[in-house]
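Shown next: entry_30.tsv, containing TSV, C-alpha atoms.
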```tsv
chain	number	residue	atom	x	y	z
A	1	MET	CA	18.33	7.77	24.17
A	2	ILE	CA	17.12	6.20	20.92
A	3	ILE	CA	16.06	8.66	18.22
A	4	ILE	CA	13.62	7.50	15.54
A	5	VAL	CA	13.53	9.73	12.45
A	6	GLY	CA	10.21	9.44	10.65
A	7	ALA	CA	6.67	8.85	11.97
A	8	GLY	CA	5.49	6.63	9.14
A	9	LEU	CA	4.21	3.15	9.92
A	10	ALA	CA	7.70	1.71	10.44
A	11	GLY	CA	8.74	4.46	12.85
A	12	LEU	CA	5.50	4.21	14.82
A	13	ALA	CA	5.78	0.41	15.06
A	14	CYS	CA	9.36	0.74	16.27
A	15	ALA	CA	8.32	3.30	18.90
A	16	THR	CA	5.44	1.07	20.03
A	17	ARG	CA	7.78	-1.82	20.79
A	18	LEU	CA	10.40	0.39	22.47
A	19	GLU	CA	7.71	1.95	24.66
A	20	SER	CA	6.42	-1.46	25.74
A	21	ALA	CA	9.97	-2.41	26.76
A	22	GLY	CA	10.44	0.77	28.81
A	23	ALA	CA	13.20	2.13	26.57
A	24	ASP	CA	14.12	5.81	26.34
A	25	TRP	CA	13.15	7.01	22.85
A	26	MET	CA	12.20	10.12	20.89
A	27	LEU	CA	10.36	10.34	17.57
A	28	LEU	CA	11.18	13.19	15.16
A	29	GLU	CA	8.92	13.84	12.16
A	30	ALA	CA	9.31	16.63	9.59
A	31	SER	CA	5.60	16.94	8.82
A	32	ARG	CA	2.86	18.05	11.20
A	33	ARG	CA	1.20	14.63	11.51
A	34	PRO	CA	2.08	10.95	11.57
A	35	GLY	CA	1.63	8.50	8.73
A	36	GLY	CA	4.12	9.27	5.98
A	37	ARG	CA	2.57	8.02	2.73
A	38	VAL	CA	-0.52	6.78	4.60
A	39	SER	CA	-2.63	9.91	5.00
A	40	THR	CA	-6.12	11.31	4.44
A	41	GLU	CA	-7.26	14.85	3.70
A	42	VAL	CA	-10.79	15.88	4.67
A	43	THR	CA	-12.05	18.57	2.30
A	44	GLY	CA	-14.24	21.48	3.32
A	45	GLU	CA	-17.27	19.65	1.92
A	46	GLY	CA	-16.50	16.54	3.95
A	47	PHE	CA	-14.93	14.22	1.37
A	48	ARG	CA	-12.19	11.93	2.68
A	49	ILE	CA	-9.35	11.88	0.15
A	50	ASP	CA	-6.74	9.22	0.84
A	51	ARG	CA	-3.26	9.83	-0.54
A	52	GLY	CA	-3.84	7.41	-3.37
A	53	PHE	CA	-5.98	4.28	-3.36
A	54	GLN	CA	-4.83	2.18	-0.41
A	55	VAL	CA	-6.42	-0.62	1.58
A	56	LEU	CA	-5.66	-2.63	4.71
A	57	LEU	CA	-6.01	-6.42	4.63
A	58	ASP	CA	-7.49	-8.20	7.63
A	59	SER	CA	-5.11	-11.13	6.97
A	60	TYR	CA	-2.04	-9.05	7.89
A	61	PRO	CA	-0.62	-10.63	11.09
A	62	THR	CA	1.58	-7.73	12.21
A	63	ALA	CA	-1.22	-5.23	11.69
A	64	ARG	CA	-3.48	-7.51	13.73
A	65	ARG	CA	-0.91	-7.49	16.51
A	66	LEU	CA	-0.51	-3.71	16.60
A	67	LEU	CA	-3.92	-2.35	15.64
A	68	ASP	CA	-7.34	-2.40	17.26
A	69	TYR	CA	-9.33	-3.30	14.14
A	70	PRO	CA	-12.81	-2.71	15.62
A	71	ALA	CA	-11.76	0.79	16.69
A	72	LEU	CA	-10.88	1.55	13.07
A	73	LYS	CA	-14.57	0.94	12.19
A	74	PRO	CA	-13.56	-1.23	9.23
A	75	ARG	CA	-15.61	-1.02	6.05
A	76	TYR	CA	-14.98	-4.13	3.97
A	77	PHE	CA	-14.69	-4.61	0.25
A	78	GLU	CA	-16.11	-7.80	-1.15
A	79	SER	CA	-13.30	-10.24	-1.91
A	80	GLY	CA	-13.45	-10.06	-5.67
A	81	ALA	CA	-13.92	-7.64	-8.55
A	82	LEU	CA	-16.13	-6.61	-11.44
A	83	LEU	CA	-14.43	-7.38	-14.75
A	84	ALA	CA	-15.24	-4.92	-17.52
A	85	SER	CA	-14.19	-6.44	-20.84
A	86	ARG	CA	-13.62	-4.60	-24.11
A	87	ASN	CA	-16.77	-6.01	-25.75
A	88	GLY	CA	-18.98	-4.42	-23.10
A	89	GLY	CA	-19.46	-7.62	-21.12
A	90	TRP	CA	-19.37	-7.66	-17.33
A	91	GLU	CA	-18.45	-10.46	-14.95
A	92	ARG	CA	-18.59	-10.48	-11.17
A	93	LEU	CA	-15.66	-12.49	-9.83
A	94	ILE	CA	-15.91	-13.33	-6.11
A	95	ASN	CA	-13.34	-15.29	-4.11
A	96	PRO	CA	-15.16	-18.53	-3.15
A	97	LEU	CA	-12.90	-18.88	-0.09
A	98	SER	CA	-14.57	-15.79	1.35
A	99	ASP	CA	-18.07	-16.69	0.18
A	100	PRO	CA	-18.66	-20.37	-0.76
A	101	ARG	CA	-21.93	-19.39	-2.45
A	102	TRP	CA	-19.80	-18.13	-5.34
A	103	LEU	CA	-18.06	-21.47	-5.92
A	104	LEU	CA	-20.37	-22.37	-8.81
A	105	ALA	CA	-20.24	-18.86	-10.28
A	106	ALA	CA	-16.43	-18.94	-10.21
A	107	SER	CA	-16.49	-22.18	-12.17
A	108	LEU	CA	-18.59	-20.48	-14.87
A	109	THR	CA	-16.39	-17.39	-15.28
A	110	LYS	CA	-15.84	-16.83	-19.01
A	111	SER	CA	-12.57	-14.91	-18.68
A	112	PHE	CA	-10.82	-18.15	-17.68
A	113	THR	CA	-10.80	-21.45	-19.54
A	114	LEU	CA	-11.33	-24.60	-17.49
A	115	ARG	CA	-7.62	-25.39	-17.70
A	116	GLN	CA	-6.76	-21.87	-16.50
A	117	LYS	CA	-9.16	-22.14	-13.57
A	118	ILE	CA	-7.52	-25.39	-12.51
A	119	SER	CA	-4.05	-23.87	-12.95
A	120	LEU	CA	-4.84	-20.73	-10.93
A	121	ALA	CA	-6.63	-22.71	-8.21
A	122	SER	CA	-3.66	-25.10	-7.92
A	123	TYR	CA	-1.20	-22.21	-7.77
A	124	ALA	CA	-3.28	-20.38	-5.15
A	125	GLY	CA	-3.50	-23.61	-3.16
A	126	PHE	CA	0.28	-23.94	-3.30
A	127	ALA	CA	0.63	-20.35	-2.06
A	128	LEU	CA	-1.85	-20.98	0.77
A	129	MET	CA	-0.03	-24.15	1.86
A	130	SER	CA	3.39	-22.48	1.84
A	131	GLY	CA	3.05	-21.34	5.47
A	132	GLY	CA	2.45	-18.00	7.12
A	133	ILE	CA	3.28	-14.59	5.73
A	134	ARG	CA	7.04	-14.10	5.41
A	135	HIS	CA	8.51	-10.64	5.24
A	136	ASP	CA	11.91	-11.96	4.12
A	137	GLN	CA	10.59	-13.97	1.18
A	138	PRO	CA	13.50	-14.66	-1.19
A	139	GLU	CA	13.18	-13.48	-4.78
A	140	CYS	CA	11.96	-15.93	-7.37
A	141	GLY	CA	14.19	-14.49	-10.09
A	142	ARG	CA	11.48	-14.24	-12.75
A	143	THR	CA	8.83	-11.62	-13.34
A	144	THR	CA	5.17	-11.91	-12.48
A	145	LEU	CA	4.33	-11.85	-16.19
A	146	ALA	CA	6.72	-14.75	-16.82
A	147	GLU	CA	5.12	-16.65	-13.93
A	148	ILE	CA	1.62	-16.01	-15.31
A	149	GLU	CA	2.67	-17.20	-18.75
A	150	ARG	CA	4.38	-20.27	-17.23
A	151	LEU	CA	1.04	-21.14	-15.60
A	152	GLY	CA	-0.79	-20.84	-18.92
A	153	LEU	CA	-2.79	-17.81	-17.75
A	154	SER	CA	-2.38	-15.58	-20.82
A	155	GLY	CA	-5.22	-14.27	-22.96
A	156	ARG	CA	-8.40	-13.05	-21.27
A	157	ALA	CA	-7.34	-14.39	-17.87
A	158	LEU	CA	-4.37	-12.03	-18.01
A	159	GLU	CA	-5.98	-9.00	-19.62
A	160	ASP	CA	-9.42	-9.16	-17.94
A	161	PHE	CA	-8.24	-9.87	-14.41
A	162	LEU	CA	-4.61	-10.61	-13.56
A	163	ARG	CA	-2.99	-7.59	-15.22
A	164	PRO	CA	-5.52	-4.92	-14.19
A	165	PHE	CA	-5.70	-6.23	-10.62
A	166	PHE	CA	-2.02	-6.87	-9.88
A	167	ALA	CA	-0.75	-3.93	-11.92
A	168	GLY	CA	-2.83	-1.79	-9.59
A	169	VAL	CA	-1.32	-3.53	-6.56
A	170	PHE	CA	2.29	-3.36	-7.78
A	171	LEU	CA	1.91	-0.05	-9.70
A	172	ASP	CA	3.58	-1.96	-12.51
A	173	ASN	CA	1.55	-2.31	-15.70
A	174	ASP	CA	4.17	-4.52	-17.37
A	175	LEU	CA	4.13	-6.94	-14.40
A	176	ARG	CA	7.93	-6.86	-14.09
A	177	THR	CA	7.60	-7.33	-10.32
A	178	ASP	CA	9.30	-10.45	-8.99
A	179	ALA	CA	6.97	-13.47	-8.93
A	180	SER	CA	7.59	-13.99	-5.20
A	181	VAL	CA	5.62	-10.77	-4.57
A	182	PHE	CA	2.80	-12.03	-6.81
A	183	ARG	CA	2.67	-15.29	-4.85
A	184	ARG	CA	2.68	-13.46	-1.51
A	185	ASP	CA	-0.05	-11.01	-2.48
A	186	LEU	CA	-2.19	-13.70	-4.08
A	187	ARG	CA	-2.05	-15.59	-0.77
A	188	ASN	CA	-2.91	-12.46	1.22
A	189	PHE	CA	-5.92	-11.63	-0.95
A	190	CYS	CA	-7.14	-15.24	-0.91
A	191	LEU	CA	-6.99	-15.40	2.88
A	192	GLY	CA	-8.19	-11.94	3.80
A	193	LYS	CA	-10.52	-9.10	2.89
A	194	ALA	CA	-9.51	-5.56	2.04
A	195	LEU	CA	-10.95	-2.78	4.17
A	196	LEU	CA	-11.02	0.96	4.65
A	197	PRO	CA	-11.20	2.58	8.08
A	198	ALA	CA	-14.40	4.64	8.21
A	199	GLY	CA	-12.36	7.77	8.92
A	200	GLY	CA	-9.86	7.17	6.12
A	201	MET	CA	-6.49	5.41	5.94
A	202	SER	CA	-4.92	8.03	8.22
A	203	GLU	CA	-6.77	6.39	11.11
A	204	ILE	CA	-4.10	3.66	11.04
A	205	PRO	CA	-1.12	5.90	11.94
A	206	PHE	CA	-3.33	8.07	14.17
A	207	GLN	CA	-4.26	5.01	16.20
A	208	LEU	CA	-0.63	3.93	16.56
A	209	SER	CA	0.48	7.46	17.46
A	210	GLY	CA	-2.41	7.89	19.91
A	211	LYS	CA	-1.23	4.94	22.01
A	212	LEU	CA	2.22	6.50	22.50
A	213	PRO	CA	3.23	9.27	24.95
A	214	THR	CA	2.69	12.64	23.30
A	215	ALA	CA	5.80	14.08	24.96
A	216	ARG	CA	8.04	11.65	23.09
A	217	GLN	CA	6.64	12.57	19.65
A	218	HIS	CA	7.91	15.73	17.99
A	219	TYR	CA	6.20	16.85	14.77
A	220	GLY	CA	7.40	19.65	12.50
A	221	GLU	CA	10.98	18.71	13.45
A	222	ALA	CA	12.99	18.01	10.30
A	223	VAL	CA	16.36	16.31	10.67
A	224	THR	CA	18.86	17.96	8.32
A	225	ALA	CA	22.09	16.18	9.28
A	226	LEU	CA	23.48	13.28	11.26
A	227	LEU	CA	26.24	14.02	13.76
A	228	ARG	CA	29.05	11.47	13.72
A	229	GLN	CA	31.92	10.47	15.96
A	230	GLY	CA	34.05	7.91	14.22
A	231	ASP	CA	31.83	5.12	12.90
A	232	ARG	CA	29.00	5.96	15.29
A	233	ILE	CA	26.10	8.42	15.20
A	234	ASN	CA	26.02	10.59	18.32
A	235	GLY	CA	23.20	12.94	17.42
A	236	VAL	CA	21.12	14.78	14.84
A	237	GLU	CA	20.86	18.38	13.71
A	238	LEU	CA	17.39	19.89	13.17
A	239	SER	CA	16.26	22.46	10.62
A	240	GLY	CA	16.23	25.20	13.26
A	241	GLY	CA	19.88	24.59	14.05
A	242	ARG	CA	19.26	22.71	17.31
A	243	SER	CA	21.15	19.47	17.95
A	244	ILE	CA	20.02	16.43	19.95
A	245	THR	CA	22.39	13.72	21.13
A	246	CYS	CA	21.53	10.03	21.04
A	247	ASP	CA	22.91	6.59	21.82
A	248	ALA	CA	21.28	4.96	18.80
A	249	LEU	CA	19.43	6.14	15.69
A	250	VAL	CA	16.72	4.65	13.50
A	251	LEU	CA	16.12	6.09	10.02
A	252	ALA	CA	12.47	5.28	9.31
A	253	THR	CA	12.20	7.87	6.55
A	254	ASP	CA	11.61	7.42	2.84
A	255	GLU	CA	14.61	6.07	0.94
A	256	PRO	CA	15.66	9.34	-0.77
A	257	THR	CA	15.72	11.12	2.61
A	258	SER	CA	17.78	8.33	4.16
A	259	ARG	CA	20.26	8.48	1.27
A	260	ARG	CA	20.54	12.25	1.57
A	261	LEU	CA	21.22	12.08	5.31
A	262	LEU	CA	23.74	9.28	4.80
A	263	GLY	CA	25.45	11.02	1.88
A	264	MET	CA	24.75	8.08	-0.40
A	265	ALA	CA	23.99	8.41	-4.10
A	266	GLY	CA	21.94	6.07	-6.27
A	267	GLY	CA	18.94	4.06	-5.15
A	268	ARG	CA	16.18	1.98	-6.66
A	269	GLU	CA	13.63	2.86	-9.29
A	270	TRP	CA	10.29	3.96	-7.89
A	271	SER	CA	6.82	3.74	-9.38
A	272	GLY	CA	4.46	6.68	-9.41
A	273	VAL	CA	0.67	6.68	-9.39
A	274	THR	CA	-2.09	9.19	-10.08
A	275	THR	CA	-5.43	8.87	-8.31
A	276	LEU	CA	-8.40	10.84	-9.62
A	277	TYR	CA	-11.44	11.48	-7.43
A	278	PHE	CA	-14.90	12.14	-8.86
A	279	THR	CA	-18.21	12.89	-7.18
A	280	GLY	CA	-21.84	12.36	-8.11
A	281	GLU	CA	-25.22	11.79	-6.56
A	282	GLU	CA	-26.45	8.53	-8.07
A	283	SER	CA	-25.22	4.98	-7.54
A	284	LEU	CA	-23.38	3.46	-10.51
A	285	TYR	CA	-23.38	-0.23	-9.60
A	286	GLU	CA	-24.10	-2.55	-6.70
A	287	GLY	CA	-21.50	-4.05	-4.40
A	288	ALA	CA	-18.36	-3.01	-2.53
A	289	LEU	CA	-16.17	-3.99	-5.44
A	290	LEU	CA	-13.22	-2.85	-7.51
A	291	ILE	CA	-13.90	-2.50	-11.26
A	292	LEU	CA	-11.13	-3.71	-13.56
A	293	PRO	CA	-11.17	-2.38	-17.16
A	294	SER	CA	-9.53	-5.01	-19.36
A	295	GLY	CA	-6.44	-4.67	-21.52
A	296	LYS	CA	-2.84	-3.63	-21.12
A	297	ASP	CA	-3.48	-0.23	-22.72
A	298	SER	CA	-6.38	0.80	-20.44
A	299	LEU	CA	-5.80	4.33	-19.16
A	300	VAL	CA	-7.70	3.63	-15.92
A	301	ARG	CA	-6.13	0.62	-14.23
A	302	HIS	CA	-8.99	0.20	-11.77
A	303	PHE	CA	-11.72	2.28	-10.16
A	304	THR	CA	-14.28	1.96	-7.39
A	305	ASP	CA	-17.18	3.85	-5.86
A	306	LEU	CA	-15.66	4.24	-2.40
A	307	THR	CA	-19.05	5.06	-0.90
A	308	ASN	CA	-20.29	1.59	-1.79
A	309	THR	CA	-17.70	0.37	0.72
A	310	ALA	CA	-17.35	3.29	3.14
A	311	PRO	CA	-20.28	5.75	3.04
A	312	GLU	CA	-18.34	7.97	5.46
A	313	TYR	CA	-15.94	8.94	2.65
A	314	ALA	CA	-18.49	11.42	1.25
A	315	PRO	CA	-20.98	13.89	2.78
A	316	ALA	CA	-24.66	12.93	2.96
A	317	GLY	CA	-26.27	12.66	-0.45
A	318	ARG	CA	-22.96	12.57	-2.31
A	319	ARG	CA	-20.76	9.79	-3.62
A	320	LEU	CA	-17.00	9.47	-4.15
A	321	LEU	CA	-15.23	7.43	-6.82
A	322	SER	CA	-11.48	6.88	-7.03
A	323	ALA	CA	-9.71	5.92	-10.26
A	324	THR	CA	-6.11	4.68	-10.31
A	325	LEU	CA	-3.89	5.58	-13.29
A	326	LEU	CA	-0.28	4.56	-13.76
A	327	HIS	CA	0.47	7.81	-15.57
A	328	PRO	CA	2.04	11.14	-14.61
A	329	PRO	CA	-0.46	13.93	-13.99
A	330	SER	CA	-1.69	16.11	-16.84
A	331	ASN	CA	-4.60	18.43	-17.54
A	332	ASP	CA	-6.12	15.82	-19.87
A	333	LEU	CA	-6.15	12.90	-17.45
A	334	PRO	CA	-9.43	13.78	-15.67
A	335	ARG	CA	-11.25	14.24	-18.99
A	336	LEU	CA	-9.82	11.08	-20.57
A	337	ALA	CA	-10.52	8.99	-17.47
A	338	HIS	CA	-14.05	10.42	-17.25
A	339	ASP	CA	-14.66	9.43	-20.87
A	340	GLN	CA	-13.39	5.88	-20.35
A	341	ILE	CA	-15.45	5.25	-17.23
A	342	SER	CA	-18.52	6.79	-18.89
A	343	GLN	CA	-18.21	4.32	-21.77
A	344	LEU	CA	-18.46	1.51	-19.23
A	345	LEU	CA	-21.06	3.19	-16.99
A	346	PRO	CA	-23.08	5.82	-18.93
A	347	ALA	CA	-24.55	7.31	-15.73
A	348	PHE	CA	-21.02	8.43	-14.84
A	349	ARG	CA	-21.31	11.22	-17.43
A	350	ARG	CA	-23.20	13.22	-14.79
A	351	TRP	CA	-20.40	12.86	-12.26
A	352	LYS	CA	-17.88	15.68	-11.77
A	353	PHE	CA	-14.13	15.70	-11.30
A	354	LEU	CA	-13.17	16.56	-7.71
A	355	THR	CA	-9.39	16.41	-7.29
A	356	GLN	CA	-6.20	14.70	-8.39
A	357	VAL	CA	-3.49	13.16	-6.19
A	358	HIS	CA	-0.15	12.26	-7.74
A	359	ILE	CA	2.56	10.40	-5.84
A	360	ALA	CA	5.81	10.43	-7.79
A	361	MET	CA	7.47	7.85	-5.52
A	362	ALA	CA	4.67	5.59	-4.33
A	363	LEU	CA	6.30	2.14	-4.33
A	364	PRO	CA	9.91	1.01	-4.75
A	365	SER	CA	10.81	-1.27	-7.62
A	366	GLN	CA	10.36	-4.96	-6.82
A	367	VAL	CA	11.78	-6.37	-10.06
A	368	PRO	CA	14.08	-9.40	-9.89
A	369	GLY	CA	17.41	-8.27	-8.45
A	370	SER	CA	16.01	-5.26	-6.56
A	371	GLU	CA	16.59	-6.98	-3.20
A	372	LYS	CA	20.31	-6.36	-3.67
A	373	GLN	CA	19.68	-2.61	-3.87
A	374	LYS	CA	17.99	-2.34	-0.48
A	375	PHE	CA	19.73	-1.04	2.61
A	376	GLN	CA	20.99	-3.45	5.22
A	377	SER	CA	18.86	-3.04	8.35
A	378	ARG	CA	21.95	-2.15	10.42
A	379	ILE	CA	24.46	-0.02	8.58
A	380	ALA	CA	26.64	1.20	11.48
A	381	PRO	CA	27.22	0.07	15.09
A	382	ASN	CA	24.35	2.21	16.40
A	383	LEU	CA	22.46	3.06	13.18
A	384	TRP	CA	19.46	1.12	11.84
A	385	VAL	CA	17.20	1.63	8.82
A	386	ALA	CA	13.51	0.63	8.81
A	387	GLY	CA	10.59	0.71	6.39
A	388	ASP	CA	10.23	-0.38	2.79
A	389	GLN	CA	13.81	0.69	2.15
A	390	VAL	CA	14.76	-2.59	3.83
A	391	SER	CA	11.50	-4.58	3.68
A	392	GLN	CA	8.92	-5.64	1.13
A	393	ALA	CA	6.51	-2.94	0.01
A	394	SER	CA	3.32	-3.58	1.97
A	395	ILE	CA	1.71	-2.14	5.08
A	396	ASP	CA	2.33	-5.33	7.04
A	397	SER	CA	5.96	-5.68	5.93
A	398	VAL	CA	6.69	-2.08	6.88
A	399	LEU	CA	5.10	-2.55	10.33
A	400	ALA	CA	7.08	-5.77	10.79
A	401	SER	CA	10.26	-3.93	9.81
A	402	GLY	CA	9.68	-1.39	12.59
A	403	LEU	CA	9.12	-4.13	15.16
A	404	LYS	CA	12.23	-6.04	14.06
A	405	THR	CA	14.34	-2.90	14.29
A	406	ALA	CA	13.14	-2.32	17.85
A	407	GLU	CA	13.92	-5.93	18.78
A	408	ASP	CA	17.43	-5.54	17.37
A	409	LEU	CA	17.91	-2.35	19.38
A	410	LEU	CA	16.68	-3.97	22.56
A	411	GLY	CA	18.95	-6.94	21.94
A	412	VAL	CA	22.10	-4.79	21.93
A	413	SER	CA	21.11	-2.29	24.62
```

Would you mind writing the file out in structure tokens?
Amino acid sequence: MIIIVGAGLAGLACATRLESAGADWMLLEASRRPGGRVSTEVTGEGFRIDRGFQVLLDSYPTARRLLDYPALKPRYFESGALLASRNGGWERLINPLSDPRWLLAASLTKSFTLRQKISLASYAGFALMSGGIRHDQPECGRTTLAEIERLGLSGRALEDFLRPFFAGVFLDNDLRTDASVFRRDLRNFCLGKALLPAGGMSEIPFQLSGKLPTARQHYGEAVTALLRQGDRINGVELSGGRSITCDALVLATDEPTSRRLLGMAGGREWSGVTTLYFTGEESLYEGALLILPSGKDSLVRHFTDLTNTAPEYAPAGRRLLSATLLHPPSNDLPRLAHDQISQLLPAFRRWKFLTQVHIAMALPSQVPGSEKQKFQSRIAPNLWVAGDQVSQASIDSVLASGLKTAEDLLGVS
């Protein structure tokens, strides 16, 4: 019997592969539903509130392998953004690889000098030619900001686009994230389009869970201790006092939970994020696009009218906007964010605050040197660890981690 602890994306991917191989497995999850940090709440009014602003890229190869994309009813963002500069100017920046009609417009973008456009295009081309997506990409050893400055992309190119966009991706406003992650994500966004499932991001884990035998999935079952015999794990103890024996164990939990169960102190830094949701009745702008307020000191890192992309996220006649802030929650945040967005889009003054979602540990640190702080995937003869505690921090990397763990298990069984 193989026990998987945690029904996040890594645990579900691991279970999917074990099931296809005919292995004997059991999935234990403390919460009442699958998904981990990928979840959606449907309010009484019918708003779909994702646990933070998240998207799925159609260029993710592991997700393509595991998910039925058409069944998710994907609602696509345009591959680009609206740049909102400090002087009140607006620019629509569209990836010409996704829509060649924007090739001329991209060449006229004022936020980039001609030299910067050539530099970024050359760098993106290098990233595209570097092969397929690797989930074991070695660290570069310098920060994203240092890489951007090395490429000559400071000034407006940095503050109008690169910082607001990638700070929102990395949850790292200072762009301390290792440049290898920047290169990987730039490639992913160049090649693919971001999407939202019509029913919310929780449709991703629900689909994975729905393909697995219900009898093997146990929700509301919190593992409180690991049972050991020598250097091996021979079972787990549950919150109700019941014990279950196993031949092998996979910890596909969040890193703090894994460390608690393993009796290990320390761990990496984590980044938090606050997402504010607002509702109104009138459209603010055209296009399924992210809006990027310029400047390092912008309170709102990015925002978007989700109903421009996925009308299903709000009830009929209503709209839903999400704003991402790299700040801890406070009573003032909704008011301050509302004021900032209203300065850019005056019609937003008539919109109302709906709810606030704060995730204290949303993404692990990916600064140079953080790779050394990750768990090894196999830390005992019959004990494996999966998820972003061993992989890069992306949906596809986490899914790939679950598959790799299952392959390792099958290889030694």

Give one line per residue of region 244-310 of chain A that approaches region 358-367 of chain A to at most 12 Å, naming the two atoms of the closest pair and their distance in Å to one decimal, counting all atoms listed in the file; sort by chain then ascending residue number and deliver it as CSV.
```
residue,atom,partner,partner_atom,distance
A:Asp254,CA,A:Met361,CA,9.3
A:Glu255,CA,A:Pro364,CA,8.9
A:Pro256,CA,A:Met361,CA,9.6
A:Gly267,CA,A:Pro364,CA,9.5
A:Arg268,CA,A:Ser365,CA,6.3
A:Glu269,CA,A:Ser365,CA,5.3
A:Trp270,CA,A:Pro364,CA,4.3
A:Ser271,CA,A:Leu363,CA,5.3
A:Gly272,CA,A:Ala360,CA,4.3
A:Val273,CA,A:Ile359,CA,5.5
A:Thr274,CA,A:His358,CA,4.3
A:Thr275,CA,A:His358,CA,6.3
A:Leu276,CA,A:His358,CA,8.6
A:Tyr277,CA,A:His358,CA,11.3
```

Mind dumping the selected residues with C-alpha atoms as a compact mmCIF listing (two decimals), keeping the file's coordinate frame?
```txt
# COMPACT_ATOMS: atom_id res chain seq x y z
CA ASP A 254 11.61 7.42 2.84
CA GLU A 255 14.61 6.07 0.94
CA PRO A 256 15.66 9.34 -0.77
CA GLY A 267 18.94 4.06 -5.15
CA ARG A 268 16.18 1.98 -6.66
CA GLU A 269 13.63 2.86 -9.29
CA TRP A 270 10.29 3.96 -7.89
CA SER A 271 6.82 3.74 -9.38
CA GLY A 272 4.46 6.68 -9.41
CA VAL A 273 0.67 6.68 -9.39
CA THR A 274 -2.09 9.19 -10.08
CA THR A 275 -5.43 8.87 -8.31
CA LEU A 276 -8.40 10.84 -9.62
CA TYR A 277 -11.44 11.48 -7.43
```

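Closest approach to Ala15 (chain A) among A:Leu249, A:Cys190, A:Leu93, A:Ala225 is made by A:Leu249 (distances from all atoms listed in the file).
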
Nearest to Leu196 (chain A) among A:Leu383, A:Asp58, A:Arg75, A:Glu41, with distances taken over only C-alpha atoms: which residue is it? A:Arg75

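In terms of minimum interatomic distance to Gly220 (chain A), A:Ser239 ranks closest within A:Thr309, A:Ser322, A:Asn173, A:Ser239, counting all atoms listed in the file.
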
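The interatomic distance for the pair CA of Leu238 (chain A) and CA of Leu208 (chain A) works out to 24.3 Å.
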
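Within 6 Å of Ala288 (chain A), once only C-alpha atoms are used and residues closer than 6 positions along the same chain are dropped, the contacting residues are Phe77, Glu78, Asn308 and Thr309 of chain A.
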
What does the distance between CA of Leu299 (chain A) and CA of Leu354 (chain A) come to in Å, to one decimal place? 18.3 Å

As an exercise, work out the distance from CA of Ile204 (chain A) to CA of Glu221 (chain A) in Å and give it to one decimal place. 21.4 Å

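Residue nearest Leu145 (chain A), chosen from A:Ile341, A:Ala157, A:Leu191, A:Leu175 and counting all atoms listed in the file: A:Leu175.
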
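Among the candidates A:Phe189, A:Tyr313, A:Phe353, A:Phe348, the one nearest to Glu282 (chain A) when counting all atoms listed in the file is A:Phe348.
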
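Every protein or nucleic acid residue with an atom no more than 9 Å from region 121-126 of chain A, counting only C-alpha atoms and leaving out same-chain residues fewer than 6 positions away, appears here: Leu151, Arg183, Leu186, Arg187 and Cys190 of chain A.
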